[in-house]
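Asks: Contents of work-v3.cif (mmCIF, C-alpha atoms) are given next:
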```cif
data_run
#
loop_
_atom_site.group_PDB
_atom_site.id
_atom_site.type_symbol
_atom_site.label_atom_id
_atom_site.label_comp_id
_atom_site.auth_asym_id
_atom_site.auth_seq_id
_atom_site.Cartn_x
_atom_site.Cartn_y
_atom_site.Cartn_z
ATOM 1 C CA MET A 19 18.567 77.288 113.776
ATOM 2 C CA LEU A 20 15.547 76.675 111.515
ATOM 3 C CA THR A 21 14.646 73.394 113.196
ATOM 4 C CA GLY A 22 14.430 75.258 116.500
ATOM 5 C CA MET A 23 11.963 77.636 114.848
ATOM 6 C CA GLY A 24 9.581 74.852 113.939
ATOM 7 C CA PHE A 25 10.752 74.026 110.436
ATOM 8 C CA LYS A 26 9.769 70.407 109.884
ATOM 9 C CA LYS A 27 12.392 69.219 107.417
ATOM 10 C CA VAL A 28 15.654 71.096 107.080
ATOM 11 C CA ILE A 29 18.395 69.826 104.815
ATOM 12 C CA ASN A 30 21.861 71.261 104.698
ATOM 13 C CA MET A 31 23.695 71.011 101.393
ATOM 14 C CA ALA A 32 27.169 69.893 102.383
ATOM 15 C CA GLY A 33 29.968 71.767 100.685
ATOM 16 C CA GLY A 34 27.692 74.687 99.826
ATOM 17 C CA ILE A 35 27.878 76.415 96.469
ATOM 18 C CA LYS A 36 31.454 75.231 95.868
ATOM 19 C CA ALA A 37 30.240 71.647 95.743
ATOM 20 C CA TRP A 38 27.391 72.512 93.337
ATOM 21 C CA ASN A 39 28.262 71.475 89.796
ATOM 22 C CA GLY A 40 24.962 72.448 88.182
ATOM 23 C CA ASN A 41 24.021 75.742 86.591
ATOM 24 C CA GLN A 42 24.062 78.891 88.627
ATOM 25 C CA ALA A 43 22.173 82.137 88.300
ATOM 26 C CA VAL A 44 24.028 85.399 88.714
ATOM 27 C CA GLY A 45 23.137 88.877 89.874
ATOM 28 C CA PRO A 46 21.589 90.436 92.938
ATOM 29 C CA GLU A 47 18.168 89.521 94.262
ATOM 30 C CA ASP A 48 16.386 92.105 92.145
ATOM 31 C CA THR A 49 17.879 91.100 88.761
ATOM 32 C CA GLY A 50 15.143 91.271 86.150
ATOM 33 C CA LEU A 51 12.482 92.115 88.678
ATOM 34 C CA TYR A 52 11.831 95.397 86.888
ATOM 35 C CA LEU A 53 9.899 93.197 84.460
ATOM 36 C CA PHE A 54 7.370 92.396 87.169
ATOM 37 C CA THR A 55 6.048 95.299 89.224
ATOM 38 C CA GLY A 56 4.066 93.049 91.537
ATOM 39 C CA ALA A 57 0.834 94.786 90.550
ATOM 40 C CA GLU A 58 0.201 92.608 87.491
ATOM 41 C CA THR A 59 -2.872 90.496 86.999
ATOM 42 C CA LEU A 60 -2.387 86.863 85.978
ATOM 43 C CA PRO A 61 -2.908 87.601 82.244
ATOM 44 C CA GLN A 62 -0.325 90.387 82.506
ATOM 45 C CA VAL A 63 2.151 88.001 84.121
ATOM 46 C CA LEU A 64 1.563 85.572 81.248
ATOM 47 C CA ILE A 65 2.223 88.386 78.767
ATOM 48 C CA VAL A 66 5.570 89.205 80.414
ATOM 49 C CA ALA A 67 6.550 85.522 80.509
ATOM 50 C CA TYR A 68 5.554 85.139 76.849
ATOM 51 C CA SER A 69 7.616 88.199 75.946
ATOM 52 C CA LEU A 70 10.640 86.708 77.678
ATOM 53 C CA GLU A 71 10.258 83.403 75.837
ATOM 54 C CA LYS A 72 9.783 85.247 72.569
ATOM 55 C CA GLY A 73 12.910 87.309 73.224
ATOM 56 C CA LEU A 74 14.957 84.166 73.654
ATOM 57 C CA GLN A 75 13.383 82.498 70.649
ATOM 58 C CA ASP A 76 14.224 85.541 68.477
ATOM 59 C CA PHE A 77 17.759 85.394 69.838
ATOM 60 C CA TYR A 78 18.135 81.726 68.815
ATOM 61 C CA VAL A 79 16.638 82.415 65.400
ATOM 62 C CA SER A 80 19.087 85.289 64.862
ATOM 63 C CA MET A 81 21.911 82.907 65.839
ATOM 64 C CA THR A 82 20.876 80.422 63.119
ATOM 65 C CA GLU A 83 21.565 83.187 60.631
ATOM 66 C CA GLN A 84 24.993 83.912 62.076
ATOM 67 C CA VAL A 85 26.490 80.436 62.227
ATOM 68 C CA SER A 86 28.021 78.625 59.280
ATOM 69 C CA GLY A 87 27.965 74.989 60.442
ATOM 70 C CA VAL A 88 24.891 72.844 59.811
ATOM 71 C CA LYS A 89 25.157 71.217 63.231
ATOM 72 C CA ALA A 90 25.187 74.554 65.042
ATOM 73 C CA ARG A 91 22.298 75.825 62.919
ATOM 74 C CA ASN A 92 20.217 72.742 63.706
ATOM 75 C CA LEU A 93 20.991 73.153 67.370
ATOM 76 C CA PHE A 94 19.831 76.779 67.437
ATOM 77 C CA ASP A 95 16.740 75.684 65.492
ATOM 78 C CA ASN A 96 15.996 73.098 68.176
ATOM 79 C CA LEU A 97 16.479 75.623 70.951
ATOM 80 C CA ALA A 98 14.134 78.070 69.211
ATOM 81 C CA ARG A 99 11.557 75.277 68.929
ATOM 82 C CA ILE A 100 11.691 74.631 72.680
ATOM 83 C CA GLU A 101 10.840 78.289 73.263
ATOM 84 C CA THR A 102 8.065 78.192 70.664
ATOM 85 C CA ASN A 103 6.426 75.301 72.492
ATOM 86 C CA HIS A 104 6.621 77.186 75.742
ATOM 87 C CA GLN A 105 5.025 80.231 74.134
ATOM 88 C CA LYS A 106 2.172 78.030 72.884
ATOM 89 C CA ARG A 107 1.507 76.869 76.432
ATOM 90 C CA LEU A 108 1.544 80.419 77.779
ATOM 91 C CA LEU A 109 -0.760 81.705 75.041
ATOM 92 C CA SER A 110 -3.189 78.897 75.701
ATOM 93 C CA GLU A 111 -3.155 79.780 79.414
ATOM 94 C CA TYR A 112 -3.736 83.435 78.531
ATOM 95 C CA ARG A 113 -6.737 82.518 76.359
ATOM 96 C CA LYS A 114 -8.153 80.397 79.160
ATOM 97 C CA GLU A 115 -7.646 83.097 81.778
ATOM 98 C CA THR A 116 -9.112 85.946 79.730
ATOM 99 C CA GLY A 117 -11.825 83.987 77.927
ATOM 100 C CA THR A 118 -10.601 85.496 74.668
ATOM 101 C CA ASN A 119 -9.138 83.819 71.625
ATOM 102 C CA PRO A 120 -6.545 86.067 69.991
ATOM 103 C CA SER A 121 -4.438 84.603 67.209
ATOM 104 C CA LYS A 122 -0.721 84.292 67.926
ATOM 105 C CA GLY A 123 -0.036 87.209 65.572
ATOM 106 C CA ASP A 124 -2.660 89.476 67.140
ATOM 107 C CA PHE A 125 -1.497 88.606 70.634
ATOM 108 C CA GLU A 126 2.118 89.392 69.820
ATOM 109 C CA GLN A 127 1.268 92.614 68.023
ATOM 110 C CA THR A 128 -0.921 93.871 70.841
ATOM 111 C CA HIS A 129 0.933 92.732 73.916
ATOM 112 C CA VAL A 130 4.433 91.441 73.450
ATOM 113 C CA VAL A 131 7.255 93.716 74.517
ATOM 114 C CA ARG A 132 10.915 93.310 73.742
ATOM 115 C CA ALA A 133 12.565 91.437 76.583
ATOM 116 C CA MET A 134 14.943 88.585 77.102
ATOM 117 C CA GLU A 135 14.430 85.525 79.242
ATOM 118 C CA GLY A 136 16.049 85.806 82.651
ATOM 119 C CA GLY A 137 16.012 89.588 82.662
ATOM 120 C CA LEU A 138 19.337 90.273 80.976
ATOM 121 C CA THR A 139 19.674 91.618 77.443
ATOM 122 C CA THR A 140 21.032 89.614 74.486
ATOM 123 C CA GLU A 141 24.212 91.678 74.561
ATOM 124 C CA GLU A 142 24.607 91.080 78.288
ATOM 125 C CA TYR A 143 24.242 87.331 77.792
ATOM 126 C CA LEU A 144 26.730 87.222 74.936
ATOM 127 C CA LYS A 145 29.212 89.279 76.945
ATOM 128 C CA LEU A 146 28.652 87.145 80.008
ATOM 129 C CA TYR A 147 29.148 83.805 78.285
ATOM 130 C CA GLN A 148 31.738 84.733 75.584
ATOM 131 C CA LEU A 149 30.058 82.318 73.229
ATOM 132 C CA ASP A 150 31.750 80.367 70.457
ATOM 133 C CA LYS A 151 28.600 80.010 68.351
ATOM 134 C CA GLU A 152 29.891 77.028 66.373
ATOM 135 C CA ASN A 153 30.734 74.989 69.442
ATOM 136 C CA GLU A 154 27.805 72.734 70.320
ATOM 137 C CA THR A 155 28.773 72.238 73.962
ATOM 138 C CA GLU A 156 29.228 75.970 74.479
ATOM 139 C CA VAL A 157 25.895 76.774 72.847
ATOM 140 C CA ILE A 158 24.030 74.263 75.006
ATOM 141 C CA SER A 159 25.851 75.436 78.116
ATOM 142 C CA MET A 160 24.872 79.024 77.371
ATOM 143 C CA ALA A 161 21.258 78.006 76.762
ATOM 144 C CA MET A 162 21.303 76.184 80.105
ATOM 145 C CA ALA A 163 22.714 79.243 81.818
ATOM 146 C CA ILE A 164 19.919 81.399 80.358
ATOM 147 C CA GLU A 165 17.286 78.869 81.425
ATOM 148 C CA ALA A 166 18.816 78.812 84.922
ATOM 149 C CA GLN A 167 18.641 82.603 84.982
ATOM 150 C CA ALA A 168 14.998 82.460 83.860
ATOM 151 C CA LEU A 169 14.106 79.826 86.434
ATOM 152 C CA ASP A 170 15.724 82.039 89.047
ATOM 153 C CA LEU A 171 13.738 85.103 87.936
ATOM 154 C CA TYR A 172 10.374 83.305 87.935
ATOM 155 C CA GLN A 173 11.047 81.705 91.301
ATOM 156 C CA ARG A 174 12.159 84.980 92.914
ATOM 157 C CA THR A 175 9.101 86.739 91.505
ATOM 158 C CA ALA A 176 6.871 83.929 92.810
ATOM 159 C CA ASP A 177 8.481 84.247 96.246
ATOM 160 C CA ARG A 178 7.555 87.935 96.315
ATOM 161 C CA SER A 179 4.027 87.521 95.044
ATOM 162 C CA SER A 180 1.199 87.731 97.535
ATOM 163 C CA ALA A 181 -1.528 86.732 95.059
ATOM 164 C CA GLU A 182 -1.877 82.958 95.183
ATOM 165 C CA ASP A 183 -2.968 82.476 91.548
ATOM 166 C CA ILE A 184 0.008 84.484 90.302
ATOM 167 C CA ARG A 185 2.429 82.739 92.628
ATOM 168 C CA LEU A 186 1.254 79.324 91.423
ATOM 169 C CA ALA A 187 1.406 80.364 87.764
ATOM 170 C CA LEU A 188 4.964 81.641 88.211
ATOM 171 C CA MET A 189 5.975 78.467 89.999
ATOM 172 C CA GLN A 190 4.574 76.416 87.149
ATOM 173 C CA ILE A 191 6.589 78.458 84.668
ATOM 174 C CA ALA A 192 9.677 77.993 86.880
ATOM 175 C CA ASP A 193 9.044 74.246 86.821
ATOM 176 C CA GLU A 194 8.852 74.358 83.040
ATOM 177 C CA GLU A 195 12.254 76.051 83.024
ATOM 178 C CA ARG A 196 13.538 73.186 85.179
ATOM 179 C CA ALA A 197 12.219 70.778 82.562
ATOM 180 C CA HIS A 198 13.974 72.784 79.823
ATOM 181 C CA LEU A 199 17.200 72.504 81.795
ATOM 182 C CA LYS A 200 16.832 68.730 81.931
ATOM 183 C CA GLN A 201 16.029 68.618 78.222
ATOM 184 C CA LEU A 202 19.132 70.660 77.416
ATOM 185 C CA ALA A 203 21.278 68.572 79.763
ATOM 186 C CA SER A 204 20.227 65.472 77.854
ATOM 187 C CA LEU A 205 21.607 67.054 74.671
ATOM 188 C CA LEU A 206 25.016 67.110 76.304
ATOM 189 C CA GLU A 207 24.969 63.411 77.154
ATOM 190 C CA MET B 24 18.057 81.460 123.445
ATOM 191 C CA ARG B 25 16.317 78.500 121.845
ATOM 192 C CA TRP B 26 18.417 75.680 123.247
ATOM 193 C CA LEU B 27 16.306 73.075 121.533
ATOM 194 C CA GLN B 28 17.757 74.076 118.192
ATOM 195 C CA PHE B 29 21.118 72.668 119.204
ATOM 196 C CA PHE B 30 19.686 69.221 119.869
ATOM 197 C CA ARG B 31 17.543 68.775 116.770
ATOM 198 C CA ARG B 32 19.026 66.817 113.947
ATOM 199 C CA VAL B 33 19.550 68.528 110.601
ATOM 200 C CA ASN B 34 19.907 66.270 107.599
ATOM 201 C CA SER B 35 22.917 66.888 105.470
ATOM 202 C CA MET B 36 23.432 65.717 101.923
ATOM 203 C CA ASP B 37 25.992 66.311 99.236
ATOM 204 C CA ALA B 38 25.307 68.540 96.238
ATOM 205 C CA GLN B 39 24.517 65.650 93.920
ATOM 206 C CA ALA B 40 21.929 64.231 96.300
ATOM 207 C CA ALA B 41 20.505 67.736 96.812
ATOM 208 C CA ARG B 42 20.130 68.110 93.084
ATOM 209 C CA LYS B 43 18.297 64.790 92.812
ATOM 210 C CA LEU B 44 16.078 65.797 95.691
ATOM 211 C CA MET B 45 15.164 69.091 93.997
ATOM 212 C CA ASP B 46 14.477 67.319 90.705
ATOM 213 C CA GLY B 47 12.105 65.108 92.658
ATOM 214 C CA PHE B 48 10.283 68.183 93.960
ATOM 215 C CA ALA B 49 9.099 69.075 90.439
ATOM 216 C CA GLY B 50 5.671 70.607 90.805
ATOM 217 C CA ALA B 51 5.854 70.655 94.596
ATOM 218 C CA GLU B 52 6.874 73.581 96.734
ATOM 219 C CA PHE B 53 10.013 73.755 98.819
ATOM 220 C CA ASN B 54 12.194 76.426 100.376
ATOM 221 C CA LEU B 55 15.630 76.917 98.888
ATOM 222 C CA ILE B 56 17.638 79.300 101.018
ATOM 223 C CA ASP B 57 21.026 80.863 100.379
ATOM 224 C CA VAL B 58 22.366 81.993 103.742
ATOM 225 C CA ARG B 59 25.540 83.613 102.433
ATOM 226 C CA GLN B 60 26.184 87.304 102.018
ATOM 227 C CA PRO B 61 24.611 89.376 99.178
ATOM 228 C CA LYS B 62 27.965 89.751 97.419
ATOM 229 C CA GLU B 63 28.405 85.970 97.281
ATOM 230 C CA TYR B 64 24.815 85.504 96.114
ATOM 231 C CA LYS B 65 25.367 88.047 93.364
ATOM 232 C CA ALA B 66 28.429 86.182 92.073
ATOM 233 C CA GLY B 67 26.439 82.958 91.666
ATOM 234 C CA HIS B 68 23.617 81.108 93.340
ATOM 235 C CA LEU B 69 21.409 78.085 92.840
ATOM 236 C CA PRO B 70 18.599 79.047 90.460
ATOM 237 C CA GLY B 71 15.519 79.980 92.453
ATOM 238 C CA ALA B 72 17.351 80.372 95.751
ATOM 239 C CA GLN B 73 16.120 83.014 98.129
ATOM 240 C CA LEU B 74 18.805 85.101 99.769
ATOM 241 C CA ILE B 75 18.469 85.294 103.540
ATOM 242 C CA PRO B 76 21.891 85.918 105.070
ATOM 243 C CA LEU B 77 22.509 83.832 108.146
ATOM 244 C CA GLY B 78 22.430 86.873 110.409
ATOM 245 C CA ASP B 79 18.903 87.732 109.217
ATOM 246 C CA LEU B 80 17.547 84.194 109.274
ATOM 247 C CA GLU B 81 15.840 84.299 112.637
ATOM 248 C CA LYS B 82 14.169 87.641 111.882
ATOM 249 C CA ARG B 83 13.120 86.706 108.335
ATOM 250 C CA SER B 84 12.119 83.079 108.903
ATOM 251 C CA THR B 85 8.472 84.201 108.925
ATOM 252 C CA GLU B 86 8.791 84.768 105.167
ATOM 253 C CA LEU B 87 9.053 80.999 104.757
ATOM 254 C CA ASP B 88 6.564 78.186 105.183
ATOM 255 C CA PRO B 89 7.988 75.958 107.955
ATOM 256 C CA ASN B 90 5.921 73.012 106.744
ATOM 257 C CA LEU B 91 7.776 72.782 103.447
ATOM 258 C CA PRO B 92 11.063 70.932 103.037
ATOM 259 C CA THR B 93 13.832 73.514 103.380
ATOM 260 C CA LEU B 94 17.167 73.147 101.659
ATOM 261 C CA VAL B 95 19.860 75.458 102.983
ATOM 262 C CA TYR B 96 23.354 76.218 101.763
#
```
So, in terms of structure tokens, how does the structure I just supplied come out?
Replies:
Amino acid sequence: MLTGMGFKKVINMAGGIKAWNGNQAVGPEDTGLYLFTGAETLPQVLIVAYSLEKGLQDFYVSMTEQVSGVKARNLFDNLARIETNHQKRLLSEYRKETGTNPSKGDFEQTHVVRAMEGGLTTEEYLKLYQLDKENETEVISMAMAIEAQALDLYQRTADRSSAEDIRLALMQIADEERAHLKQLASLLE
Amino acid sequence: MRWLQFFRRVNSMDAQAARKLMDGFAGAEFNLIDVRQPKEYKAGHLPGAQLIPLGDLEKRSTELDPNLPTLVY
């Protein structure tokens, strides 16, 4: 149908979702979209994205305190570090966009709101994934599921954005989530 | 009726190849369309997929850029 409408390159994924063995996102189209009203400026979008990364980082840090095994603790530490690096990138983008230079502490105190990456709450994620916190494979799988959910949220928000700068920024963040997914997948190998 | 649509070739690839293709798109734009029903989408979908049920596809195709590669499932 799409080729008849002028679409240049259409590819059908044979087997559909049943054949897909990668991560999936769940929820209706508007999951998490309450976080983005569509009226945000680019710096405001960066603040929301930062808040989401921070939410996930705090979640991983809280997990390090709840697990007893050294391996699991190190893993949660690593996951928290991935989010910290992403926050650094977003803060640097914010500074560039606004021409201001707030410290990390000032920025967080002034702007950051409590939120969780992907638009679900910590409790919702834990309920959804029934996590065995000491099991390395389960922890990584859950982290991948959250990243997939985040990628999905950023991409859906980008699809709805009419402002080009915001759309591109959201797509870049979505791409970074794709990179996180790859990074996490490599931990499973 | 757009008869031409029945004579144009649509590439098909398995899920593994589709995944590789999407990995290769890193940084580039593409359309990823889920043409199933909202209930199925809600239960699980490819991250970043846009839901356009098959019955709405013709009407809503203007939301998409036809020049970009378009992966459909």
Asks: List the residues matched by the PyMOL selection byres ((chain A) within 9 of (chain B)) in the displayed structure as number ranges by chain, ordered by chain and then by residue number.
Replies: A: 19-35, 37-47, 166-174, 177, 189-190, 192-193, 196-197
Asks: Which polymer residues have any atom within 9 Å of an atom of Leu202 (chain A), counting all atoms listed in the file, with same-chain residues fewer than 4 positions away left out, as a list in words?
Replies: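 Selected residues are Leu97, Ile158, Ser159, Ala161, Met162, Ala197, His198 and Leu206 of chain A.
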Asks: Work out how far apart CA of Phe54 (chain A) and CA of Asp95 (chain A) are and give it in Å to one decimal.
Replies: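 Result for CA of Phe54 (chain A) versus CA of Asp95 (chain A): 28.9 Å, one decimal.
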Asks: What is the CA of Met160 (chain A) to CA of Ser80 (chain A) distance in Å?
Replies: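 According to the coordinates, CA of Met160 (chain A) and CA of Ser80 (chain A) are separated by 15.1 Å.
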Asks: I'd like the interatomic distance between CA of Val130 (chain A) and CA of Ile65 (chain A), to a tenth of an Å.
Replies: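 We find that CA of Val130 (chain A) and CA of Ile65 (chain A) lie 6.5 Å from each other.
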